[in-house]
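S.K.: Below you'll find target-v7.txt; it's compact mmCIF, C-alpha atoms and all ligand atoms.
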# COMPACT_ATOMS: atom_id res chain seq x y z
CA MET A 21 102.65 106.81 106.31
CA TYR A 22 102.37 107.71 109.98
CA GLN A 23 104.19 110.80 111.19
CA PHE A 24 107.79 110.57 112.31
CA ASN A 25 110.73 112.86 112.98
CA TYR A 26 113.52 112.84 110.46
CA GLN A 27 117.13 113.64 111.12
CA LYS A 28 120.32 113.19 109.22
CA ALA A 29 123.25 111.93 111.26
CA GLY A 30 126.67 113.45 110.60
CA SER A 31 128.67 110.64 112.20
CA GLN A 32 128.25 107.16 113.65
CA ASP A 33 128.27 108.62 117.15
CA ASP A 34 125.59 111.11 116.16
CA ALA A 35 123.42 108.33 114.81
CA VAL A 36 123.82 106.19 117.90
CA SER A 37 123.13 109.02 120.30
CA ALA A 38 120.10 110.13 118.28
CA ALA A 39 118.82 106.57 118.47
CA GLY A 40 119.47 106.53 122.22
CA SER A 41 117.29 109.57 122.84
CA ALA A 42 114.40 108.60 120.56
CA GLU A 43 111.41 106.58 121.67
CA ASP A 44 111.29 104.12 118.79
CA PRO A 45 114.05 104.96 116.32
CA LYS A 46 114.88 103.35 113.01
CA PHE A 47 118.04 103.82 111.01
CA LEU A 48 117.43 104.76 107.38
CA ALA A 49 120.00 103.52 104.86
CA GLY A 50 118.87 103.30 101.22
CA GLY A 51 115.24 102.98 102.30
CA MET A 52 114.34 100.47 99.61
CA THR A 53 112.51 98.27 102.09
CA LEU A 54 111.92 100.69 104.93
CA ILE A 55 110.08 103.35 102.92
CA PRO A 56 107.65 100.84 101.34
CA THR A 57 107.11 99.35 104.82
CA LEU A 58 106.25 102.79 106.18
CA LYS A 59 103.98 103.49 103.22
CA GLN A 60 102.00 100.36 103.99
CA ARG A 61 101.81 101.45 107.64
CA LEU A 62 103.48 98.22 108.69
CA ALA A 63 105.83 100.10 111.00
CA GLN A 64 105.48 103.23 113.10
CA PRO A 65 108.89 104.47 114.20
CA SER A 66 109.05 107.74 116.15
CA ASP A 67 112.27 108.81 114.44
CA LEU A 68 114.10 108.03 111.23
CA ILE A 69 117.83 108.55 111.46
CA ASP A 70 119.30 108.93 107.99
CA LEU A 71 122.77 107.41 107.70
CA SER A 72 123.56 108.72 104.22
CA GLY A 73 125.57 111.69 105.50
CA ILE A 74 128.08 109.60 107.45
CA ASP A 75 131.51 109.40 105.86
CA GLY A 76 133.44 106.19 105.51
CA LEU A 77 130.56 103.71 105.47
CA ALA A 78 130.65 102.98 101.73
CA GLY A 79 133.25 101.25 99.61
CA VAL A 80 135.00 97.94 99.01
CA GLU A 81 138.33 96.98 100.52
CA ASP A 82 140.53 94.14 99.31
CA ASN A 83 142.24 92.35 102.23
CA GLY A 84 143.75 89.54 100.17
CA ASP A 85 141.88 86.50 101.46
CA SER A 86 138.75 88.49 102.25
CA ILE A 87 136.94 91.60 101.11
CA THR A 88 135.23 94.14 103.31
CA ILE A 89 132.18 95.97 102.03
CA GLY A 90 131.01 99.11 103.83
CA ALA A 91 127.44 98.98 105.10
CA MET A 92 126.25 101.91 102.97
CA THR A 93 127.66 100.47 99.74
CA ARG A 94 124.86 100.38 97.18
CA HIS A 95 123.95 97.24 95.27
CA VAL A 96 125.00 98.85 91.98
CA ASP A 97 128.45 99.59 93.41
CA VAL A 98 128.93 96.02 94.65
CA ALA A 99 127.76 94.67 91.30
CA ASN A 100 130.21 96.86 89.35
CA ASN A 101 133.19 96.69 91.69
CA ASP A 102 136.27 95.10 90.11
CA THR A 103 137.52 93.50 93.33
CA VAL A 104 134.15 91.89 94.00
CA LYS A 105 133.84 90.78 90.38
CA SER A 106 137.25 89.11 90.35
CA LYS A 107 137.34 87.66 93.88
CA ILE A 108 133.72 86.71 94.54
CA PRO A 109 131.89 86.87 91.21
CA ALA A 110 128.88 85.12 92.77
CA LEU A 111 128.44 88.11 95.08
CA ALA A 112 128.65 90.62 92.21
CA HIS A 113 126.12 88.50 90.32
CA LEU A 114 123.79 88.44 93.33
CA ALA A 115 124.01 92.21 93.77
CA SER A 116 123.33 92.81 90.07
CA HIS A 117 120.02 90.94 90.32
CA ILE A 118 118.53 92.60 93.38
CA GLY A 119 115.26 94.38 92.58
CA ASP A 120 115.68 96.56 89.51
CA PRO A 121 118.18 99.23 88.40
CA GLN A 122 116.47 101.99 90.37
CA VAL A 123 116.43 99.88 93.53
CA ARG A 124 120.09 98.99 93.02
CA ASN A 125 120.91 102.69 92.72
CA ARG A 126 119.66 103.26 96.27
CA GLY A 127 119.59 100.03 98.26
CA THR A 128 122.55 99.12 100.49
CA ILE A 129 124.03 95.92 101.84
CA GLY A 130 123.80 97.07 105.45
CA GLY A 131 120.16 98.06 105.09
CA SER A 132 119.26 94.76 103.50
CA LEU A 133 120.97 92.76 106.26
CA ALA A 134 119.59 94.80 109.15
CA ASN A 135 116.11 94.35 107.73
CA ASN A 136 116.56 90.61 107.08
CA ASP A 137 113.61 90.27 104.74
CA PRO A 138 112.93 86.55 104.36
CA ALA A 139 113.13 86.88 100.57
CA ALA A 140 116.09 89.26 100.30
CA ASP A 141 119.25 88.14 98.48
CA TYR A 142 122.06 89.39 100.72
CA PRO A 143 121.20 87.19 103.72
CA ALA A 144 121.93 84.16 101.51
CA ALA A 145 125.32 85.65 100.59
CA VAL A 146 126.30 86.38 104.17
CA LEU A 147 125.22 82.98 105.48
CA GLY A 148 126.43 80.99 102.46
CA LEU A 149 129.82 82.68 102.28
CA ASN A 150 130.23 82.64 106.07
CA ALA A 151 130.74 86.39 106.27
CA THR A 152 131.20 88.42 109.42
CA VAL A 153 128.90 91.35 110.14
CA ILE A 154 130.85 94.21 111.69
CA THR A 155 128.95 96.72 113.83
CA ASN A 156 129.88 99.77 115.87
CA LYS A 157 130.10 97.42 118.88
CA ARG A 158 131.35 94.01 117.78
CA GLU A 159 131.78 91.40 115.06
CA ILE A 160 128.96 88.92 114.55
CA ALA A 161 129.43 85.60 112.72
CA ALA A 162 126.88 84.88 110.00
CA ASP A 163 125.56 81.84 111.86
CA ASP A 164 124.71 84.06 114.86
CA PHE A 165 123.36 87.07 112.97
CA PHE A 166 120.02 86.00 111.49
CA ASP A 167 117.34 85.38 114.02
CA GLY A 168 114.12 84.64 112.13
CA MET A 169 112.19 86.81 109.65
CA PHE A 170 112.93 90.51 109.94
CA THR A 171 114.92 89.78 113.11
CA THR A 172 118.66 89.87 113.68
CA ALA A 173 121.13 89.82 116.56
CA LEU A 174 121.44 93.62 116.26
CA GLU A 175 120.56 95.67 119.30
CA GLU A 176 118.37 98.74 119.05
CA ASP A 177 121.26 101.23 118.90
CA GLU A 178 123.66 98.96 117.04
CA LEU A 179 124.76 99.97 113.60
CA ILE A 180 126.21 97.71 110.90
CA THR A 181 129.36 99.39 109.63
CA ALA A 182 130.71 96.74 107.23
CA VAL A 183 130.54 93.12 106.15
CA LYS A 184 133.62 90.97 105.70
CA PHE A 185 133.44 88.14 103.18
CA PRO A 186 136.14 85.45 103.09
CA VAL A 187 137.13 84.73 99.49
CA PRO A 188 135.71 81.27 98.67
CA ASP A 189 137.38 78.65 96.48
CA LYS A 190 134.11 78.37 94.59
CA ALA A 191 130.72 79.98 94.96
CA GLY A 192 127.54 80.36 92.96
CA TYR A 193 124.18 82.05 93.49
CA THR A 194 120.99 81.35 91.60
CA LYS A 195 117.52 82.60 92.31
CA PHE A 196 114.06 82.07 91.00
CA PRO A 197 112.69 85.60 91.21
CA ASN A 198 109.13 86.67 91.71
CA PRO A 199 108.43 88.19 88.28
CA ALA A 200 107.04 91.45 89.66
CA SER A 201 109.15 92.25 92.71
CA ARG A 202 112.34 90.35 91.81
CA TYR A 203 112.48 89.13 95.40
CA ALA A 204 113.60 85.52 95.63
CA LEU A 205 110.87 82.88 95.60
CA VAL A 206 113.88 80.73 96.26
CA GLY A 207 117.52 81.82 96.10
CA VAL A 208 120.46 79.57 96.89
CA MET A 209 124.09 80.44 97.57
CA VAL A 210 126.50 77.49 97.45
CA ALA A 211 130.13 77.91 98.46
CA GLN A 212 133.26 75.93 99.15
CA THR A 213 135.87 77.61 101.29
CA GLY A 214 138.94 75.80 102.60
CA GLY A 215 137.22 72.42 102.63
CA GLU A 216 133.96 73.69 104.14
CA THR A 217 130.79 73.49 102.07
CA ARG A 218 127.91 75.84 102.83
CA VAL A 219 124.50 76.15 101.23
CA ALA A 220 122.22 79.02 102.24
CA VAL A 221 118.62 79.37 101.12
CA THR A 222 116.57 82.57 101.05
CA GLY A 223 112.96 83.16 100.05
CA ALA A 224 111.72 79.78 101.19
CA GLY A 225 112.01 79.42 104.94
CA GLN A 226 109.30 80.44 107.41
CA ASP A 227 112.09 81.75 109.63
CA GLY A 228 113.99 83.48 106.87
CA VAL A 229 117.36 82.47 105.50
CA PHE A 230 118.67 79.04 106.55
CA ARG A 231 121.41 76.53 105.78
CA ALA A 232 120.30 73.43 103.85
CA SER A 233 122.35 70.85 105.74
CA ASP A 234 121.18 67.93 103.57
CA ILE A 235 122.51 69.62 100.44
CA GLU A 236 125.68 70.62 102.28
CA SER A 237 126.38 66.96 103.14
CA ALA A 238 125.58 65.81 99.61
CA LEU A 239 127.91 68.43 98.12
CA SER A 240 130.79 67.94 100.53
CA GLY A 241 131.10 64.34 99.36
CA ASN A 242 130.45 65.11 95.72
CA TRP A 243 130.53 68.71 94.46
CA SER A 244 128.23 68.36 91.47
CA ALA A 245 124.95 69.67 90.17
CA ASP A 246 123.50 66.15 90.24
CA ALA A 247 124.37 65.67 93.91
CA ALA A 248 122.47 68.86 94.78
CA LYS A 249 119.54 67.99 92.58
CA GLY A 250 119.31 64.51 94.07
CA VAL A 251 118.46 65.87 97.53
CA LYS A 252 114.75 65.83 98.26
CA MET A 253 114.04 68.75 100.56
CA SER A 254 111.30 68.53 103.16
CA ASP A 255 108.59 71.18 102.81
CA ALA A 256 107.90 71.18 106.55
CA ASP A 257 109.15 74.66 107.50
CA LEU A 258 108.76 76.37 104.14
CA ASN A 259 106.50 79.24 103.12
CA SER A 260 103.29 78.81 101.19
CA ASP A 261 101.72 81.89 99.64
CA ILE A 262 100.00 83.07 96.47
CA HIS A 263 103.30 82.87 94.62
CA ALA A 264 104.28 79.29 95.41
CA SER A 265 103.36 76.38 97.67
CA ALA A 266 105.80 74.98 100.23
CA GLU A 267 106.06 71.83 98.15
CA TYR A 268 107.02 73.80 95.05
CA ARG A 269 109.58 75.80 97.00
CA ALA A 270 111.10 72.57 98.38
CA HIS A 271 111.55 71.33 94.83
CA LEU A 272 112.99 74.68 93.71
CA ILE A 273 115.64 74.62 96.44
CA SER A 274 117.33 71.52 95.00
CA VAL A 275 117.00 72.83 91.45
CA MET A 276 118.40 76.28 92.31
CA ALA A 277 121.20 74.67 94.34
CA SER A 278 122.18 72.49 91.40
CA ARG A 279 122.22 75.51 89.06
CA ALA A 280 124.26 77.45 91.61
CA VAL A 281 126.81 74.62 91.65
CA GLU A 282 126.95 74.77 87.85
CA ALA A 283 127.44 78.53 87.99
CA ALA A 284 130.22 78.10 90.57
CA GLY A 285 132.04 75.66 88.30
CA MET B 4 107.50 121.86 109.31
CA PRO B 5 111.04 121.47 108.03
CA THR B 6 112.05 123.27 104.87
CA VAL B 7 113.41 121.08 102.10
CA SER B 8 115.42 122.69 99.31
CA MET B 9 116.88 121.18 96.18
CA THR B 10 117.51 121.91 92.53
CA VAL B 11 114.79 120.67 90.20
CA ASN B 12 115.28 120.96 86.45
CA GLY B 13 117.96 123.56 87.01
CA LYS B 14 115.94 125.77 89.36
CA THR B 15 116.47 126.09 93.09
CA VAL B 16 113.25 125.23 94.87
CA SER B 17 112.21 125.04 98.46
CA ALA B 18 109.06 124.05 100.35
CA ASP B 19 107.94 123.41 103.92
CA VAL B 20 106.89 119.81 104.12
CA GLU B 21 106.19 117.12 106.69
CA PRO B 22 109.08 114.68 107.16
CA ARG B 23 106.91 111.89 105.74
CA THR B 24 106.50 113.68 102.38
CA LEU B 25 107.79 111.56 99.53
CA LEU B 26 109.90 113.12 96.81
CA VAL B 27 107.15 112.37 94.29
CA GLN B 28 104.61 114.28 96.44
CA TYR B 29 107.03 117.15 96.76
CA LEU B 30 107.38 117.29 92.98
CA ARG B 31 103.71 116.88 92.16
CA GLU B 32 101.91 118.60 95.01
CA HIS B 33 104.33 121.29 96.07
CA LEU B 34 105.99 122.14 92.76
CA GLY B 35 103.10 121.23 90.44
CA LEU B 36 105.33 119.00 88.33
CA THR B 37 102.73 116.37 87.57
CA GLY B 38 104.63 114.70 84.76
CA THR B 39 106.07 112.29 87.31
CA HIS B 40 103.37 109.70 87.95
CA VAL B 41 102.43 107.33 90.77
CA GLY B 42 101.26 103.96 89.54
CA CYS B 43 101.67 101.71 92.55
CA ASP B 44 102.29 101.60 96.26
CA THR B 45 104.93 98.92 96.14
CA SER B 46 107.95 100.41 94.33
CA GLN B 47 107.37 98.16 91.35
CA CYS B 48 105.89 100.15 88.45
CA GLY B 49 108.53 102.82 87.78
CA ALA B 50 106.00 105.48 86.67
CA CYS B 51 107.69 107.76 89.21
CA VAL B 52 111.29 107.46 87.97
CA VAL B 53 113.30 110.70 88.06
CA HIS B 54 117.01 111.39 88.15
CA MET B 55 118.76 112.48 91.31
CA ASN B 56 122.39 113.56 91.03
CA GLY B 57 122.47 111.98 87.59
CA GLU B 58 121.03 108.56 88.38
CA SER B 59 117.54 107.13 88.09
CA LEU B 60 115.53 106.33 91.17
CA LYS B 61 111.93 105.78 92.18
CA SER B 62 110.69 109.06 93.58
CA CYS B 63 107.89 107.23 95.42
CA THR B 64 110.48 105.40 97.51
CA ILE B 65 112.53 108.27 98.87
CA LEU B 66 111.56 111.05 101.23
CA ALA B 67 111.82 114.61 100.00
CA ALA B 68 114.04 115.22 103.03
CA GLN B 69 116.51 112.63 101.76
CA ALA B 70 116.82 114.67 98.57
CA GLU B 71 117.78 117.84 100.45
CA GLY B 72 120.43 119.65 98.43
CA ALA B 73 120.22 117.20 95.53
CA ASP B 74 120.02 117.89 91.83
CA VAL B 75 116.79 116.40 90.47
CA THR B 76 115.65 116.10 86.86
CA THR B 77 112.08 115.19 85.96
CA ILE B 78 110.44 114.57 82.59
CA GLU B 79 109.58 118.30 82.45
CA GLY B 80 113.29 119.08 82.41
CA LEU B 81 114.06 117.29 79.16
CA ALA B 82 112.49 119.21 76.28
CA ASN B 83 114.07 122.33 74.93
CA GLY B 84 111.05 124.65 74.63
CA ASP B 85 108.82 123.05 72.00
CA GLU B 86 111.53 120.75 70.82
CA LEU B 87 111.27 117.29 72.34
CA HIS B 88 114.33 115.58 73.75
CA PRO B 89 115.61 112.94 71.28
CA MET B 90 114.43 110.15 73.59
CA GLN B 91 110.95 111.68 73.82
CA GLU B 92 110.91 112.13 70.07
CA ALA B 93 111.88 108.48 69.63
CA PHE B 94 108.91 107.39 71.76
CA ARG B 95 106.62 109.53 69.60
CA GLU B 96 108.06 108.30 66.30
CA ASN B 97 107.95 104.64 67.29
CA HIS B 98 104.53 104.61 68.90
CA GLY B 99 106.22 103.85 72.22
CA LEU B 100 103.15 104.85 74.19
CA GLN B 101 99.43 104.32 74.20
CA CYS B 102 97.85 105.87 77.28
CA GLY B 103 101.17 107.47 78.23
CA PHE B 104 100.91 106.77 81.93
CA CYS B 105 104.18 104.86 82.20
CA THR B 106 105.99 107.01 79.65
CA PRO B 107 107.68 109.61 81.86
CA GLY B 108 109.20 106.83 83.96
CA MET B 109 110.16 104.84 80.87
CA VAL B 110 111.92 107.83 79.33
CA MET B 111 113.80 108.75 82.52
CA SER B 112 114.81 105.14 83.06
CA ALA B 113 115.92 104.82 79.42
CA LEU B 114 118.09 107.92 79.74
CA ASP B 115 119.91 106.43 82.72
CA LEU B 116 120.55 103.29 80.68
CA VAL B 117 121.98 105.12 77.69
CA GLN B 118 124.23 107.32 79.79
CA LYS B 119 125.76 104.13 81.22
CA ASN B 120 125.55 102.10 78.05
CA PRO B 121 125.18 104.32 74.96
CA ASP B 122 124.72 101.39 72.57
CA PRO B 123 122.59 98.81 74.40
CA SER B 124 121.41 95.58 72.80
CA GLU B 125 117.70 94.80 72.68
CA ARG B 126 118.21 92.30 75.49
CA GLU B 127 119.99 94.87 77.64
CA VAL B 128 117.11 97.28 77.13
CA ARG B 129 114.58 94.63 78.13
CA GLU B 130 116.58 93.70 81.22
CA TRP B 131 117.00 97.33 82.20
CA LEU B 132 113.22 97.79 82.14
CA GLU B 133 112.75 95.32 85.01
CA GLY B 134 111.56 98.16 87.19
CA ASN B 135 109.17 99.79 84.70
CA LEU B 136 105.72 98.37 84.03
CA CYS B 137 103.45 99.32 81.14
CA ARG B 138 99.83 98.24 81.06
CA CYS B 139 99.29 99.07 77.38
CA THR B 140 101.98 98.49 74.82
CA GLY B 141 103.32 95.03 75.45
CA TYR B 142 106.75 96.69 75.64
CA HIS B 143 107.75 95.97 72.07
CA ASN B 144 107.48 99.55 70.86
CA ILE B 145 108.99 100.88 74.07
CA VAL B 146 112.08 98.80 73.44
CA LYS B 147 112.12 99.96 69.81
CA SER B 148 111.81 103.57 70.95
CA ILE B 149 114.69 103.27 73.40
CA LEU B 150 116.94 101.69 70.79
CA ALA B 151 116.04 104.48 68.35
CA GLY B 152 116.51 107.14 71.04
CA ALA B 153 119.91 105.70 71.94
CA GLU B 154 120.91 105.82 68.29
CA ALA B 155 119.75 109.42 67.94
CA LEU B 156 121.71 110.39 71.03
CA ARG B 157 124.85 108.74 69.70
CA GLY B 158 124.40 111.08 66.73
S1 LIG C 1 104.89 104.72 91.81
FE1 LIG C 1 107.00 104.48 92.17
S2 LIG C 1 107.36 102.48 91.54
FE2 LIG C 1 105.22 102.65 91.27
S1 LIG C 2 101.46 103.40 77.60
FE1 LIG C 2 99.85 103.03 78.97
S2 LIG C 2 100.90 102.32 80.73
FE2 LIG C 2 102.43 102.34 79.24
Please, can you express the file's structure as structure tokens?
M.R.:
Amino acid sequence: MYQFNYQKAGSQDDAVSAAGSAEDPKFLAGGMTLIPTLKQRLAQPSDLIDLSGIDGLAGVEDNGDSITIGAMTRHVDVANNDTVKSKIPALAHLASHIGDPQVRNRGTIGGSLANNDPAADYPAAVLGLNATVITNKREIAADDFFDGMFTTALEEDELITAVKFPVPDKAGYTKFPNPASRYALVGVMVAQTGGETRVAVTGAGQDGVFRASDIESALSGNWSADAAKGVKMSDADLNSDIHASAEYRAHLISVMASRAVEAAG
Amino acid sequence: MPTVSMTVNGKTVSADVEPRTLLVQYLREHLGLTGTHVGCDTSQCGACVVHMNGESLKSCTILAAQAEGADVTTIEGLANGDELHPMQEAFRENHGLQCGFCTPGMVMSALDLVQKNPDPSEREVREWLEGNLCRCTGYHNIVKSILAGAEALRG
């Protein structure tokens, strides 16, 4: 790791003003992606601003037709939360399969979204469930939030404070994990909410998470595993690496989407 | 250099470290607690698992500074003098280790499982070990050890 300054913020305002006065700051949430990134010397921030001391950023709130999850809520706490389990079981399922138990004990939803790893699970949940990302400045719709791999609409001193998920009529998430890292080779969230069908794919796209419009059209006419499986995805903008070719990922998208539909019921 | 203080295995400790010091380096290099191992650079192997405030985490993926004020338990904190902790004893009895490199992490991870789920099924044990890699045993005896350790702890 390169050298950096470390400070623990006591409040949101503290964190934002610390970021304002640092040369190249980074907010530190659970650190499950940031610390490995620093260890590989893939980033060289001047300052790490630890958010773990800020009150009120963790927890789940039931608003009836939506649930709000605080940015610092850990994966394990989303996975085990009764409101999440009963209202959006697909989201609890997704959270319970991120990384491994030790990663889930530290990693947070806000950290995962701000980082927007192209193979992370939460981006598929936010885009597929049409969630709203709430920051210290504004509310950002899922469709406007993700901006290509590791890039989001967030400004330098903007802090995610919570994420609001509308409760879907049906939703399912299935991923094909890399056997070592548990990151998604392909992960698909399918959801139906008030007549709208959304399908979000993580792990596969060269630009990170994306909506599979062909599968969305197939499913809006006919919500069935076969309809999803029948769609032949193009491999044009998909990743190829040592784990899987673009062609294989294209095939996996339809298969994972069909299993997600089965899981959604 | 900032001073980082915490409680490790029941003792208050403190050391001046660079902000970039990982918890595992703090434990091994500053406190001499070399039972916690480093097997990878990618947060995947789990050789470095310790408990912080009662839950397992990978000490290679957290800064010592983030653990300021925390209560940390490492493998060295388990035995009672010469008497092994029941989970350690179960690993010994069931040949749950060969080279032993992964063992501290396996034991610490197992103890987090059994505190949450005192009577896990074999499948639950295998799933829980997602974040712990062993290059020697093929896992079978590790799973057996954890099941036996869980039973011993249930008493
Ligand atoms: S050394 Fe921590 S996970 Fe490998
Ligand atoms: S016993 Fe050798 S790595 Fe597990």
S.K.: For ligand LIG 1 (chain C), what centre and edge lengths in Å (one decimal) does the axis-aligned box get once 3 Å is added on each side of all its listed atoms, as AutoDock Vina command-line options?
M.R.:
--center_x 106.1 --center_y 103.6 --center_z 91.7 --size_x 8.5 --size_y 8.2 --size_z 6.9
S.K.: Report as a PyMOL selection string the set of chain B residues whose atoms approach chain A to within 12 Å, with distances computed over all atoms listed in the file.
M.R.: chain B and resi 4-7+20-26+43-72+108-109+111-113+115-116+119+127-136
S.K.: Just want the 9 Å neighbourhood of Gly250 in chain A, counted on all atoms listed in the file, with same-chain residues fewer than 5 positions away dropped. Output as a VMD selection string.
M.R.: chain A and resid 235 238 245 274 278
S.K.: Near Ala224 in chain A, counting all atoms listed in the file, which residues have an atom at most 6 Å away, once you skip same-chain residues fewer than 3 positions from it, shown as an MDAnalysis selection string?
M.R.: chainID A and resid 206 258:259
S.K.: Compile the contact shell of range 93-101 of chain B as a CSV table (one decimal) with C-alpha atoms, keeping the file's coordinate frame: residues with an atom at most 12 Å away, counting all atoms listed in the file, same-chain residues fewer than 3 positions apart removed.
M.R.:
chain,number,residue,atom,x,y,z
B,87,LEU,CA,111.3,117.3,72.3
B,88,HIS,CA,114.3,115.6,73.8
B,89,PRO,CA,115.6,112.9,71.3
B,90,MET,CA,114.4,110.2,73.6
B,104,PHE,CA,100.9,106.8,81.9
B,105,CYS,CA,104.2,104.9,82.2
B,106,THR,CA,106.0,107.0,79.6
B,107,PRO,CA,107.7,109.6,81.9
B,108,GLY,CA,109.2,106.8,84.0
B,109,MET,CA,110.2,104.8,80.9
B,110,VAL,CA,111.9,107.8,79.3
B,111,MET,CA,113.8,108.8,82.5
B,113,ALA,CA,115.9,104.8,79.4
B,114,LEU,CA,118.1,107.9,79.7
B,137,CYS,CA,103.4,99.3,81.1
B,138,ARG,CA,99.8,98.2,81.1
B,139,CYS,CA,99.3,99.1,77.4
B,140,THR,CA,102.0,98.5,74.8
B,141,GLY,CA,103.3,95.0,75.4
B,142,TYR,CA,106.8,96.7,75.6
B,143,HIS,CA,107.8,96.0,72.1
B,144,ASN,CA,107.5,99.6,70.9
B,145,ILE,CA,109.0,100.9,74.1
B,146,VAL,CA,112.1,98.8,73.4
B,147,LYS,CA,112.1,100.0,69.8
B,148,SER,CA,111.8,103.6,71.0
B,149,ILE,CA,114.7,103.3,73.4
B,150,LEU,CA,116.9,101.7,70.8
B,151,ALA,CA,116.0,104.5,68.4
B,152,GLY,CA,116.5,107.1,71.0
B,153,ALA,CA,119.9,105.7,71.9
B,154,GLU,CA,120.9,105.8,68.3
B,155,ALA,CA,119.8,109.4,67.9
B,156,LEU,CA,121.7,110.4,71.0
S.K.: Select, from B:Gly158, B:Pro123, B:Gly84, B:Gly42, the residue with the minimum atom-to-atom distance to ligand LIG 2 (chain C), counting all atoms listed in the file.
M.R.: B:Gly42
S.K.: Mind giving me the straight-line distance from CA of Lys190 in chain A to CA of Phe170 in chain A in Å, one decimal?
M.R.: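 Distance reported for this atom pair: 28.8 Å.
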S.K.: Please, what distance in Å, to one decimal, runs between CA of Ile78 in chain B and CA of Arg157 in chain B?
M.R.: 20.2 Å
S.K.: Work out how far apart CA of Asn242 in chain A and CA of Ser106 in chain A are and give it in Å to one decimal.
M.R.: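 Here the two named atoms are 25.5 Å from each other.
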S.K.: Within 7 Å of (127.9, 78.1, 103.8) (coordinates as in the file), grab all the protein and nucleic acid residues, counting all atoms listed in the file, and write them out as a list in words.
M.R.: Leu147, Gly148, Leu149, Asn150, Val210, Ala211, Thr217, Arg218, Val219, Ala220 and Arg231 of chain A
S.K.: Find the residues around Asp97 in chain A up to 12 Å (all atoms listed in the file counted), leave out those fewer than 5 positions away in its own chain, and share them as a list of chain:residue names.
M.R.: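 The contact residues come out as A:Ala78, A:Gly79, A:Val80, A:Ile89, A:Gly90, A:Ala91, A:Met92, A:Asp102, A:Thr103, A:Val104, A:Lys105, A:Leu111, A:Ala112, A:His113, A:Ala115, A:Ser116, A:Pro121, A:Arg124, A:Asn125, A:Arg126, A:Gly127, A:Thr128, A:Ile129.
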S.K.: Please identify all polymer residues within 10 Å of Asp164 in chain A, counting all atoms listed in the file, omitting same-chain residues fewer than 5 positions from it, and present them as an NGL selection string.
M.R.: :A and (147 or 152-153 or 172-173)
S.K.: Calculated over all atoms listed in the file, which of the candidates B:Gln28, B:Ser17, B:Asn83, B:Ser8 has the smallest distance to ligand LIG 1 (chain C)?
M.R.: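 Answer, going by the shortest atom-to-atom distance: B:Gln28.
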